[in-house]
$ cat upload-v7.cif   # mmCIF, C-alpha atoms
data_data
loop_
_atom_site.group_PDB
_atom_site.id
_atom_site.type_symbol
_atom_site.label_atom_id
_atom_site.label_comp_id
_atom_site.auth_asym_id
_atom_site.auth_seq_id
_atom_site.Cartn_x
_atom_site.Cartn_y
_atom_site.Cartn_z
ATOM 1 C CA MET A 321 0.749 -12.335 30.370
ATOM 2 C CA SER A 322 0.624 -12.986 26.677
ATOM 3 C CA ALA A 323 0.805 -10.164 24.186
ATOM 4 C CA ARG A 324 -2.516 -8.845 22.886
ATOM 5 C CA VAL A 325 -2.427 -8.366 19.140
ATOM 6 C CA GLY A 326 -5.170 -6.545 17.255
ATOM 7 C CA VAL A 327 -5.652 -7.790 13.702
ATOM 8 C CA VAL A 328 -7.281 -4.998 11.715
ATOM 9 C CA VAL A 329 -10.021 -6.088 9.322
ATOM 10 C CA PHE A 330 -11.214 -3.902 6.457
ATOM 11 C CA PRO A 331 -14.045 -4.906 4.133
ATOM 12 C CA GLY A 332 -12.186 -7.159 1.705
ATOM 13 C CA THR A 333 -9.362 -8.204 4.037
ATOM 14 C CA ASN A 334 -8.977 -11.983 3.758
ATOM 15 C CA CYS A 335 -5.867 -13.074 5.665
ATOM 16 C CA GLU A 336 -6.986 -12.066 9.143
ATOM 17 C CA HIS A 337 -7.784 -15.590 10.358
ATOM 18 C CA ASP A 338 -4.484 -16.973 9.063
ATOM 19 C CA VAL A 339 -2.479 -14.305 10.892
ATOM 20 C CA ALA A 340 -4.552 -14.518 14.046
ATOM 21 C CA GLY A 341 -4.380 -18.312 14.043
ATOM 22 C CA VAL A 342 -0.610 -18.455 13.700
ATOM 23 C CA LEU A 343 -0.040 -15.736 16.309
ATOM 24 C CA ALA A 344 -2.337 -17.593 18.706
ATOM 25 C CA SER A 345 -0.443 -20.845 18.084
ATOM 26 C CA LEU A 346 2.737 -18.975 19.055
ATOM 27 C CA GLY A 347 1.218 -17.885 22.347
ATOM 28 C CA GLY A 348 -0.239 -14.501 21.402
ATOM 29 C CA GLU A 349 -3.711 -13.391 22.324
ATOM 30 C CA THR A 350 -5.367 -12.136 19.150
ATOM 31 C CA GLU A 351 -8.485 -10.170 18.443
ATOM 32 C CA LEU A 352 -9.997 -9.094 15.136
ATOM 33 C CA VAL A 353 -10.539 -5.331 15.011
ATOM 34 C CA TRP A 354 -13.137 -3.960 12.592
ATOM 35 C CA HIS A 355 -12.004 -0.964 10.534
ATOM 36 C CA GLY A 356 -14.754 1.238 11.965
ATOM 37 C CA THR A 357 -13.113 1.103 15.404
ATOM 38 C CA ARG A 358 -11.680 4.422 16.574
ATOM 39 C CA SER A 359 -9.852 3.323 19.696
ATOM 40 C CA LEU A 360 -7.028 0.797 19.951
ATOM 41 C CA GLY A 361 -6.337 0.946 23.669
ATOM 42 C CA GLY A 362 -5.312 -2.310 25.285
ATOM 43 C CA TYR A 363 -3.345 -3.789 22.398
ATOM 44 C CA ASP A 364 0.378 -4.499 22.473
ATOM 45 C CA ALA A 365 0.722 -4.792 18.682
ATOM 46 C CA LEU A 366 -1.326 -4.417 15.527
ATOM 47 C CA VAL A 367 -1.301 -6.370 12.286
ATOM 48 C CA LEU A 368 -2.822 -5.108 9.049
ATOM 49 C CA PRO A 369 -3.223 -8.384 7.160
ATOM 50 C CA GLY A 370 -3.434 -9.114 3.472
ATOM 51 C CA GLY A 371 -6.428 -9.064 1.201
ATOM 52 C CA PHE A 372 -8.211 -6.467 -0.881
ATOM 53 C CA ALA A 373 -9.279 -3.720 1.501
ATOM 54 C CA HIS A 374 -12.261 -1.861 0.037
ATOM 55 C CA GLY A 375 -11.863 -3.966 -3.106
ATOM 56 C CA ASP A 376 -8.518 -2.318 -3.886
ATOM 57 C CA TYR A 377 -10.642 0.255 -5.724
ATOM 58 C CA LEU A 378 -8.742 3.268 -7.049
ATOM 59 C CA ARG A 379 -5.413 1.909 -5.726
ATOM 60 C CA PRO A 380 -4.661 -0.740 -3.105
ATOM 61 C CA GLY A 381 -4.998 0.999 0.245
ATOM 62 C CA ALA A 382 -6.290 4.272 -1.207
ATOM 63 C CA ILE A 383 -9.715 4.054 0.430
ATOM 64 C CA ALA A 384 -8.586 2.021 3.446
ATOM 65 C CA ARG A 385 -6.303 4.814 4.589
ATOM 66 C CA PHE A 386 -9.409 6.893 5.281
ATOM 67 C CA SER A 387 -11.109 4.160 7.321
ATOM 68 C CA PRO A 388 -11.938 5.372 10.848
ATOM 69 C CA VAL A 389 -9.426 2.973 12.434
ATOM 70 C CA MET A 390 -6.475 4.510 10.601
ATOM 71 C CA ASP A 391 -6.215 7.593 12.837
ATOM 72 C CA ALA A 392 -5.973 5.239 15.796
ATOM 73 C CA VAL A 393 -3.373 3.120 13.964
ATOM 74 C CA ALA A 394 -1.317 6.277 13.389
ATOM 75 C CA ASP A 395 -1.590 7.230 17.086
ATOM 76 C CA PHE A 396 -0.633 3.695 18.108
ATOM 77 C CA ALA A 397 2.404 3.819 15.806
ATOM 78 C CA ALA A 398 3.403 7.268 17.064
ATOM 79 C CA ALA A 399 3.249 5.946 20.632
ATOM 80 C CA GLY A 400 5.802 3.296 19.682
ATOM 81 C CA GLY A 401 3.402 0.383 19.317
ATOM 82 C CA PRO A 402 4.448 -2.366 16.910
ATOM 83 C CA VAL A 403 2.438 -2.171 13.656
ATOM 84 C CA VAL A 404 2.986 -4.706 10.889
ATOM 85 C CA GLY A 405 1.384 -4.473 7.453
ATOM 86 C CA ILE A 406 1.496 -7.650 5.411
ATOM 87 C CA CYS A 407 0.943 -7.432 1.650
ATOM 88 C CA ASN A 408 -2.252 -5.348 1.332
ATOM 89 C CA GLY A 409 -1.516 -4.073 4.839
ATOM 90 C CA PHE A 410 1.857 -2.800 3.576
ATOM 91 C CA GLN A 411 0.043 -1.009 0.756
ATOM 92 C CA VAL A 412 -2.337 0.566 3.287
ATOM 93 C CA LEU A 413 0.588 1.765 5.444
ATOM 94 C CA THR A 414 2.295 3.453 2.466
ATOM 95 C CA GLU A 415 -0.952 5.096 1.325
ATOM 96 C CA ALA A 416 -1.470 6.320 4.883
ATOM 97 C CA GLY A 417 2.011 7.828 4.925
ATOM 98 C CA LEU A 418 3.118 5.657 7.866
ATOM 99 C CA LEU A 419 5.782 4.193 5.588
ATOM 100 C CA PRO A 420 7.418 5.972 2.628
ATOM 101 C CA GLY A 421 7.179 5.053 -1.037
ATOM 102 C CA ALA A 422 4.505 3.189 -2.941
ATOM 103 C CA LEU A 423 3.752 -0.251 -4.328
ATOM 104 C CA GLN A 424 3.051 -0.326 -8.026
ATOM 105 C CA LYS A 425 2.107 -3.065 -10.433
ATOM 106 C CA ASN A 426 4.600 -5.889 -10.773
ATOM 107 C CA ARG A 427 7.139 -5.671 -13.536
ATOM 108 C CA GLY A 428 5.738 -7.860 -16.305
ATOM 109 C CA LEU A 429 2.159 -7.154 -15.197
ATOM 110 C CA ARG A 430 1.685 -10.581 -13.685
ATOM 111 C CA PHE A 431 -0.040 -11.540 -10.484
ATOM 112 C CA ILE A 432 2.599 -13.562 -8.655
ATOM 113 C CA CYS A 433 1.725 -16.365 -6.251
ATOM 114 C CA THR A 434 4.782 -18.378 -5.306
ATOM 115 C CA THR A 435 7.243 -19.022 -2.533
ATOM 116 C CA VAL A 436 10.355 -16.853 -2.747
ATOM 117 C CA GLY A 437 13.591 -16.477 -0.858
ATOM 118 C CA VAL A 438 13.901 -13.278 1.167
ATOM 119 C CA ARG A 439 17.046 -12.255 2.981
ATOM 120 C CA VAL A 440 16.872 -10.537 6.349
ATOM 121 C CA SER A 441 18.706 -7.248 5.748
ATOM 122 C CA SER A 442 18.229 -5.443 9.033
ATOM 123 C CA ALA A 443 17.416 -6.313 12.611
ATOM 124 C CA LEU A 444 16.016 -2.836 13.280
ATOM 125 C CA SER A 445 12.387 -3.814 12.821
ATOM 126 C CA VAL A 446 10.036 -5.494 15.282
ATOM 127 C CA ILE A 447 9.707 -8.522 12.979
ATOM 128 C CA THR A 448 13.429 -9.048 12.447
ATOM 129 C CA ALA A 449 14.835 -8.092 15.855
ATOM 130 C CA GLY A 450 15.016 -11.755 16.766
ATOM 131 C CA VAL A 451 16.451 -12.970 13.461
ATOM 132 C CA GLU A 452 20.062 -12.995 12.343
ATOM 133 C CA VAL A 453 20.842 -10.597 9.471
ATOM 134 C CA GLY A 454 21.712 -12.453 6.285
ATOM 135 C CA ARG A 455 19.442 -15.392 6.962
ATOM 136 C CA VAL A 456 17.348 -16.412 3.938
ATOM 137 C CA LEU A 457 13.715 -17.309 4.591
ATOM 138 C CA GLN A 458 11.369 -19.114 2.206
ATOM 139 C CA ILE A 459 8.047 -17.274 2.351
ATOM 140 C CA PRO A 460 5.138 -17.054 -0.115
ATOM 141 C CA ILE A 461 4.217 -13.871 -1.942
ATOM 142 C CA ASN A 462 0.815 -13.365 -3.462
ATOM 143 C CA HIS A 463 0.325 -9.993 -5.114
ATOM 144 C CA PHE A 464 -0.157 -7.901 -8.226
ATOM 145 C CA GLU A 465 1.051 -4.608 -6.779
ATOM 146 C CA GLY A 466 4.240 -5.480 -4.924
ATOM 147 C CA ASN A 467 6.765 -3.547 -6.946
ATOM 148 C CA TYR A 468 8.122 -1.164 -4.317
ATOM 149 C CA THR A 469 9.237 2.236 -5.499
ATOM 150 C CA CYS A 470 10.361 5.492 -3.926
ATOM 151 C CA ASP A 471 12.433 8.502 -4.889
ATOM 152 C CA ARG A 472 16.202 8.401 -4.746
ATOM 153 C CA SER A 473 16.609 10.355 -1.539
ATOM 154 C CA THR A 474 14.113 8.124 0.262
ATOM 155 C CA LEU A 475 15.968 5.042 -0.949
ATOM 156 C CA ALA A 476 19.272 6.475 0.281
ATOM 157 C CA GLU A 477 17.659 7.180 3.646
ATOM 158 C CA LEU A 478 16.211 3.667 3.886
ATOM 159 C CA ARG A 479 19.625 2.185 3.128
ATOM 160 C CA ASP A 480 21.613 4.466 5.422
ATOM 161 C CA GLU A 481 19.277 3.965 8.348
ATOM 162 C CA GLY A 482 19.065 0.193 7.970
ATOM 163 C CA ARG A 483 15.359 0.350 7.251
ATOM 164 C CA ILE A 484 15.317 -2.164 4.407
ATOM 165 C CA VAL A 485 14.196 -5.142 6.423
ATOM 166 C CA LEU A 486 13.830 -7.877 3.814
ATOM 167 C CA ARG A 487 15.234 -8.203 0.302
ATOM 168 C CA TYR A 488 14.257 -10.687 -2.395
ATOM 169 C CA VAL A 489 17.050 -13.094 -3.245
ATOM 170 C CA ASP A 490 15.741 -13.271 -6.821
ATOM 171 C CA ASN A 491 13.648 -10.146 -7.473
ATOM 172 C CA PRO A 492 10.244 -11.354 -8.704
ATOM 173 C CA ASN A 493 8.378 -8.087 -9.248
ATOM 174 C CA GLY A 494 10.792 -5.279 -10.140
ATOM 175 C CA SER A 495 11.011 -3.790 -6.645
ATOM 176 C CA ILE A 496 13.676 -1.115 -6.348
ATOM 177 C CA ASP A 497 16.798 -2.476 -4.583
ATOM 178 C CA ASP A 498 15.050 -5.889 -4.291
ATOM 179 C CA ILE A 499 12.969 -4.493 -1.436
ATOM 180 C CA ALA A 500 10.465 -6.930 0.068
ATOM 181 C CA GLY A 501 9.954 -5.084 3.342
ATOM 182 C CA ILE A 502 10.828 -1.797 5.045
ATOM 183 C CA CYS A 503 10.306 -0.141 8.398
ATOM 184 C CA ASN A 504 10.066 3.345 9.842
ATOM 185 C CA ARG A 505 12.967 5.050 11.618
ATOM 186 C CA GLU A 506 12.110 3.556 14.983
ATOM 187 C CA GLY A 507 11.547 0.077 13.552
ATOM 188 C CA ASN A 508 8.105 -0.315 15.143
ATOM 189 C CA VAL A 509 6.165 0.151 11.894
ATOM 190 C CA VAL A 510 6.935 -2.496 9.288
ATOM 191 C CA GLY A 511 5.534 -3.341 5.884
ATOM 192 C CA LEU A 512 6.333 -6.469 3.929
ATOM 193 C CA MET A 513 4.911 -8.112 0.837
ATOM 194 C CA PRO A 514 5.668 -11.761 1.778
ATOM 195 C CA HIS A 515 3.112 -13.569 3.945
ATOM 196 C CA PRO A 516 4.890 -15.000 7.022
ATOM 197 C CA GLU A 517 1.591 -16.473 8.256
ATOM 198 C CA ARG A 518 1.553 -18.730 5.195
ATOM 199 C CA ALA A 519 4.964 -20.120 6.072
ATOM 200 C CA ALA A 520 4.076 -21.413 9.499
ATOM 201 C CA ASP A 521 3.263 -25.067 8.961
ATOM 202 C CA GLU A 522 5.195 -27.957 7.414
ATOM 203 C CA LEU A 523 2.007 -28.861 5.570
ATOM 204 C CA THR A 524 2.236 -25.726 3.451
ATOM 205 C CA GLY A 525 5.906 -26.159 2.663
ATOM 206 C CA SER A 526 7.798 -23.806 4.966
ATOM 207 C CA THR A 527 7.887 -22.709 8.569
ATOM 208 C CA ASP A 528 10.283 -19.820 7.960
ATOM 209 C CA GLY A 529 7.629 -17.199 8.660
ATOM 210 C CA ILE A 530 7.455 -18.182 12.306
ATOM 211 C CA VAL A 531 10.658 -16.386 13.300
ATOM 212 C CA LEU A 532 9.228 -13.086 12.042
ATOM 213 C CA LEU A 533 5.933 -13.474 13.886
ATOM 214 C CA ARG A 534 7.677 -14.706 17.009
ATOM 215 C CA SER A 535 9.862 -11.619 16.889
ATOM 216 C CA LEU A 536 6.722 -9.481 16.634
ATOM 217 C CA LEU A 537 5.243 -11.173 19.704
ATOM 218 C CA ALA A 538 8.475 -10.601 21.608
ATOM 219 C CA ALA A 539 8.335 -6.900 20.673
ATOM 220 C CA ALA A 540 4.683 -6.787 21.712
ATOM 221 C CA ASP A 541 5.564 -8.345 25.069
ATOM 222 C CA THR A 542 7.940 -5.515 25.881
ATOM 223 C CA ALA A 543 6.007 -2.706 24.182
ATOM 224 C CA GLU A 544 4.657 -0.013 26.423
ATOM 225 C CA VAL A 545 2.105 1.788 24.332
ATOM 226 C CA ALA A 546 0.805 4.881 26.060
ATOM 227 C CA LEU A 547 -2.102 6.199 24.028
ATOM 228 C CA GLY A 548 -3.348 9.707 24.589
ATOM 229 C CA ASP A 549 -7.011 8.769 24.823
ATOM 230 C CA MET B 1280 -24.043 25.710 -10.273
ATOM 231 C CA ARG B 1281 -23.000 22.216 -11.249
ATOM 232 C CA PHE B 1282 -19.741 21.693 -13.077
ATOM 233 C CA ASP B 1283 -18.625 18.756 -15.115
ATOM 234 C CA VAL B 1284 -15.083 17.913 -14.021
ATOM 235 C CA LEU B 1285 -12.527 15.572 -15.519
ATOM 236 C CA VAL B 1286 -9.641 14.324 -13.389
ATOM 237 C CA GLU B 1287 -6.846 12.558 -15.205
ATOM 238 C CA VAL B 1288 -4.385 10.501 -13.192
ATOM 239 C CA ARG B 1289 -1.201 9.389 -14.870
ATOM 240 C CA LEU B 1290 2.038 7.813 -13.787
ATOM 241 C CA ARG B 1291 4.795 10.333 -13.221
ATOM 242 C CA GLN B 1292 7.591 10.643 -15.703
ATOM 243 C CA GLY B 1293 10.259 8.104 -14.950
ATOM 244 C CA ILE B 1294 7.861 5.644 -13.325
ATOM 245 C CA ALA B 1295 7.731 2.420 -15.316
ATOM 246 C CA ASP B 1296 4.400 1.887 -17.039
ATOM 247 C CA PRO B 1297 4.292 -1.816 -17.939
ATOM 248 C CA GLU B 1298 0.671 -1.567 -19.079
ATOM 249 C CA GLY B 1299 1.511 1.192 -21.561
ATOM 250 C CA ALA B 1300 4.576 -0.709 -22.735
ATOM 251 C CA THR B 1301 2.504 -3.858 -23.310
ATOM 252 C CA ILE B 1302 -0.049 -1.959 -25.387
ATOM 253 C CA GLU B 1303 2.745 -0.342 -27.361
ATOM 254 C CA ARG B 1304 4.261 -3.732 -28.145
ATOM 255 C CA ALA B 1305 0.884 -5.037 -29.337
ATOM 256 C CA LEU B 1306 0.354 -2.255 -31.875
ATOM 257 C CA PRO B 1307 2.696 -3.474 -34.659
ATOM 258 C CA ALA B 1308 0.931 -6.862 -34.627
ATOM 259 C CA LEU B 1309 -2.249 -5.053 -35.590
ATOM 260 C CA GLY B 1310 -0.514 -3.160 -38.352
ATOM 261 C CA PHE B 1311 -0.208 0.158 -36.518
ATOM 262 C CA THR B 1312 3.246 1.617 -36.857
ATOM 263 C CA GLY B 1313 4.791 4.889 -35.794
ATOM 264 C CA ILE B 1314 3.014 4.991 -32.430
ATOM 265 C CA GLY B 1315 5.085 5.412 -29.296
ATOM 266 C CA GLN B 1316 5.053 6.793 -25.753
ATOM 267 C CA VAL B 1317 1.849 4.971 -24.852
ATOM 268 C CA ARG B 1318 0.990 5.755 -21.234
ATOM 269 C CA VAL B 1319 -1.930 4.316 -19.320
ATOM 270 C CA GLY B 1320 -3.728 6.299 -16.646
ATOM 271 C CA LYS B 1321 -7.186 6.830 -15.242
ATOM 272 C CA ALA B 1322 -9.913 9.270 -16.157
ATOM 273 C CA ILE B 1323 -12.430 10.131 -13.457
ATOM 274 C CA ARG B 1324 -15.519 12.209 -14.272
ATOM 275 C CA MET B 1325 -17.615 13.898 -11.646
ATOM 276 C CA VAL B 1326 -20.133 16.668 -11.198
ATOM 277 C CA VAL B 1327 -19.197 19.269 -8.601
ATOM 278 C CA GLU B 1328 -21.640 21.713 -7.072
ATOM 279 C CA ALA B 1329 -20.004 25.082 -6.509
ATOM 280 C CA ALA B 1330 -20.784 28.774 -6.751
ATOM 281 C CA ARG B 1331 -18.083 29.504 -9.310
ATOM 282 C CA ILE B 1332 -15.973 27.587 -11.758
ATOM 283 C CA GLN B 1333 -12.844 28.391 -9.717
ATOM 284 C CA ASP B 1334 -14.404 26.881 -6.609
ATOM 285 C CA ALA B 1335 -15.307 23.721 -8.491
ATOM 286 C CA GLU B 1336 -11.764 23.438 -9.747
ATOM 287 C CA GLN B 1337 -10.317 23.996 -6.289
ATOM 288 C CA VAL B 1338 -12.477 21.351 -4.642
ATOM 289 C CA ALA B 1339 -11.812 18.869 -7.437
ATOM 290 C CA SER B 1340 -8.083 19.521 -7.129
ATOM 291 C CA GLN B 1341 -8.160 18.728 -3.414
ATOM 292 C CA VAL B 1342 -10.042 15.503 -4.104
ATOM 293 C CA ALA B 1343 -7.584 14.663 -6.872
ATOM 294 C CA LEU B 1344 -4.548 15.179 -4.667
ATOM 295 C CA ARG B 1345 -5.851 13.622 -1.456
ATOM 296 C CA LEU B 1346 -7.708 10.604 -2.769
ATOM 297 C CA LEU B 1347 -7.659 10.066 -6.504
ATOM 298 C CA SER B 1348 -3.882 10.062 -6.951
ATOM 299 C CA ASN B 1349 -0.805 8.916 -5.081
ATOM 300 C CA PRO B 1350 1.740 11.729 -5.447
ATOM 301 C CA VAL B 1351 4.618 9.280 -4.969
ATOM 302 C CA ILE B 1352 3.986 7.726 -8.364
ATOM 303 C CA GLU B 1353 1.233 9.724 -10.054
ATOM 304 C CA ASP B 1354 0.556 13.162 -11.503
ATOM 305 C CA VAL B 1355 -2.910 14.531 -11.730
ATOM 306 C CA GLU B 1356 -4.633 17.053 -13.984
ATOM 307 C CA VAL B 1357 -7.989 18.621 -13.248
ATOM 308 C CA THR B 1358 -10.127 20.068 -16.036
ATOM 309 C CA VAL B 1359 -13.478 21.757 -15.589
ATOM 310 C CA LEU B 1360 -15.244 20.800 -18.798
ATOM 311 C CA GLY B 1361 -18.167 23.170 -18.379
ATOM 312 C CA SER B 1362 -21.357 23.475 -16.443
ATOM 313 C CA ALA B 1363 -23.235 20.242 -15.993
ATOM 314 C CA PRO B 1364 -26.916 19.954 -16.767
ATOM 315 C CA ALA B 1365 -29.186 20.366 -13.754
ATOM 316 C CA ALA B 1366 -31.375 17.366 -13.134
ATOM 317 C CA GLY B 1367 -33.750 17.306 -16.088
ATOM 318 C CA GLY B 1368 -32.279 20.510 -17.505
ATOM 319 C CA GLN B 1369 -30.168 21.178 -20.550
ATOM 320 C CA ALA B 1370 -26.402 21.296 -20.705
ATOM 321 C CA ALA B 1371 -24.967 24.775 -20.862
ATOM 322 C CA ALA B 1372 -22.408 25.121 -23.584
ATOM 323 C CA GLY B 1373 -18.762 25.926 -23.255
ATOM 324 C CA GLY B 1374 -16.666 26.504 -20.180
ATOM 325 C CA GLY B 1375 -12.965 26.796 -20.725
ATOM 326 C CA ALA B 1376 -10.674 23.940 -19.852
ATOM 327 C CA ILE B 1377 -8.599 24.784 -16.848
ATOM 328 C CA GLY B 1378 -5.413 22.801 -16.561
ATOM 329 C CA GLN B 1379 -3.558 22.433 -13.356
#
$ encode --input "upload-v7.cif" --output "structure tokens"
Amino acid sequence: MSARVGVVVFPGTNCEHDVAGVLASLGGETELVWHGTRSLGGYDALVLPGGFAHGDYLRPGAIARFSPVMDAVADFAAAGGPVVGICNGFQVLTEAGLLPGALQKNRGLRFICTTVGVRVSSALSVITAGVEVGRVLQIPINHFEGNYTCDRSTLAELRDEGRIVLRYVDNPNGSIDDIAGICNREGNVVGLMPHPERAADELTGSTDGIVLLRSLLAAADTAEVALGD
Amino acid sequence: MRFDVLVEVRLRQGIADPEGATIERALPALGFTGIGQVRVGKAIRMVVEAARIQDAEQVASQVALRLLSNPVIEDVEVTVLGSAPAAGGQAAAGGGAIGQ
């Protein structure tokens, strides 16, 4: 049976079809999940895709974290279910407290839309479990607030526990320690600024994102998410 | 009672403020000198209904901490500016600023 992946859609999310399409092409069964949903039973993994949830008003993710679906996302994550936030989804996960730190405006105050090299720095996470550490992937970024920051003790923790998942080869936005993606202690909740779904076809220049999404599907296949409801 | 409340959100000390730095760099070009430490934040005004000024401040502080600011990178200050005019009524004067 193929893994069932819920792709969470907030008002203003705009990458849901890209993610769902690529996951489906890799053999996943995908379903768009509206942010008003309160139950996430039946899914093997969740993706919070990119976009501008709730218009990015106040701060990216600030309003989205109070969307009804977010309590269910937190329960799903606590039950060990794979949860991946891409770009705006990463911002939502930090605002919701499911990942530490925050994403602030890029150094230089520029919106950056380009393909960058990111190095896999840890195999702890559900998106890198199937990828060799040290491998450099060419994946597009597309953000204004991608400059990851956190306090010193959090950074030390992330480093010590192998939770820095992806690092920029050539830091484009000022992120502390070149961080492009991190995960929680268990590795099942991941946030990353690069868009793997946009590096999944030769036509768009790179297929390096596929290994990350394939790894997610593999994690979803073996995930046993027991939700309390 | 209705209270006029000002919530100011600013980046915490030590957090880079590229917007403030950009403004600061633009000032000499306009002939302004001797201006430094430019920091950019947000000001949010709202009217809070509460029995007492302390209650208004407390509610506004909760809103400021839970929604209006991200404590990882931002500090917040709540000031009750005074009582707000009732619909169609006149503004009452005064009301001390209460910092947080």
$ closest_residue --input "upload-v7.cif" --among "A:Glu415, A:Glu351, A:Glu481, A:Asp364" --to "Ala382 of chain A" --atoms "all atoms listed in the file"
A:Glu415
$ closest_residue --input "upload-v7.cif" --among "B:Glu1287, B:Val1342, B:Ala1365, B:Thr1312" --to "Arg1324 of chain B" --atoms "only C-alpha atoms"
B:Glu1287
$ resolve_selection --input "upload-v7.cif" --expression "the PyMOL selection byres ((chain B) within 9 of (chain A))" --output "PyMOL selection string"
chain B and resi 1294-1298+1301+1346-1349+1351-1352
$ resolve_selection --input "upload-v7.cif" --expression "the PyMOL selection byres ((chain B and resi 1340) around 12)" --output "PyMOL selection string"
chain B and resi 1284-1288+1325+1327+1333-1339+1341-1348+1354-1359+1377-1379
$ resolve_selection --input "upload-v7.cif" --expression "the PyMOL selection byres ((chain B and resi 1319) around 9)" --output "PyMOL selection string"
chain B and resi 1289-1290+1296-1300+1302+1317-1318+1320-1321
$ residues_around --input "upload-v7.cif" --residues "Val339 of chain A" --least-positions-apart "2" --cutoff "8 Å" --atoms "only C-alpha atoms" --output "count of residues only"
9
$ residues_around --input "upload-v7.cif" --residues "segment 374-376 of chain A" --least-positions-apart "5" --cutoff "12 Å" --atoms "all atoms listed in the file" --output "CSV table (one decimal) with C-alpha atoms, keeping the file's coordinate frame"
chain,number,residue,atom,x,y,z
A,329,VAL,CA,-10.0,-6.1,9.3
A,330,PHE,CA,-11.2,-3.9,6.5
A,331,PRO,CA,-14.0,-4.9,4.1
A,332,GLY,CA,-12.2,-7.2,1.7
A,333,THR,CA,-9.4,-8.2,4.0
A,334,ASN,CA,-9.0,-12.0,3.8
A,355,HIS,CA,-12.0,-1.0,10.5
A,381,GLY,CA,-5.0,1.0,0.2
A,382,ALA,CA,-6.3,4.3,-1.2
A,383,ILE,CA,-9.7,4.1,0.4
A,384,ALA,CA,-8.6,2.0,3.4
A,385,ARG,CA,-6.3,4.8,4.6
A,386,PHE,CA,-9.4,6.9,5.3
A,387,SER,CA,-11.1,4.2,7.3
A,408,ASN,CA,-2.3,-5.3,1.3
A,409,GLY,CA,-1.5,-4.1,4.8
A,411,GLN,CA,0.0,-1.0,0.8
A,412,VAL,CA,-2.3,0.6,3.3
A,415,GLU,CA,-1.0,5.1,1.3
A,463,HIS,CA,0.3,-10.0,-5.1
A,464,PHE,CA,-0.2,-7.9,-8.2
A,465,GLU,CA,1.1,-4.6,-6.8
$ atom_distance --input "upload-v7.cif" --atom1 "atom CA of Glu544 of chain A" --atom2 "atom CA of Ala416 of chain A"
23.3 Å
$ atom_distance --input "upload-v7.cif" --atom1 "atom CA of Glu349 of chain A" --atom2 "atom CA of Arg324 of chain A"
4.7 Å
$ atom_distance --input "upload-v7.cif" --atom1 "atom CA of Ile502 of chain A" --atom2 "atom CA of Thr434 of chain A"
20.5 Å
$ closest_residue --input "upload-v7.cif" --among "A:Asn504, A:Ser441, A:Thr542, A:Thr527" --to "Thr474 of chain A" --atoms "all atoms listed in the file"
A:Asn504
$ axis_aligned_box --input "upload-v7.cif" --around "segment 435-451 of chain A" --padding-each-side "3 Å" --output "AutoDock Vina command-line options"
--center_x 13.0 --center_y -10.9 --center_z 7.0 --size_x 17.5 --size_y 22.2 --size_z 25.5
$ residues_around --input "upload-v7.cif" --residues "Arg518 of chain A" --least-positions-apart "2" --cutoff "10 Å" --atoms "all atoms listed in the file" --output "PyMOL selection string"
chain A and resi 335+338-339+342+435+459-461+514-516+520-521+524-530
$ decode --input "upload-v7.cif" --residues "segment 1340-1355 of chain B" --atoms "C-alpha atoms" --output "short mmCIF file (atom, residue, chain, number, x, y, z; two decimals), in the first residue's frame"
data_model
loop_
_atom_site.label_atom_id
_atom_site.label_comp_id
_atom_site.auth_asym_id
_atom_site.auth_seq_id
_atom_site.Cartn_x
_atom_site.Cartn_y
_atom_site.Cartn_z
CA SER B 1340 0.01 41.99 27.12
CA GLN B 1341 -1.26 38.46 26.55
CA VAL B 1342 -2.19 39.33 22.98
CA ALA B 1343 1.20 40.96 22.49
CA LEU B 1344 3.10 37.94 23.75
CA ARG B 1345 1.02 35.19 22.15
CA LEU B 1346 0.30 36.67 18.74
CA LEU B 1347 1.78 40.06 18.01
CA SER B 1348 5.41 39.18 18.75
CA ASN B 1349 7.75 36.24 18.36
CA PRO B 1350 9.74 36.07 21.61
CA VAL B 1351 12.62 34.33 19.83
CA ILE B 1352 13.53 37.51 17.98
CA GLU B 1353 11.27 40.28 19.28
CA ASP B 1354 10.59 42.30 22.41
CA VAL B 1355 7.26 43.87 23.03
#
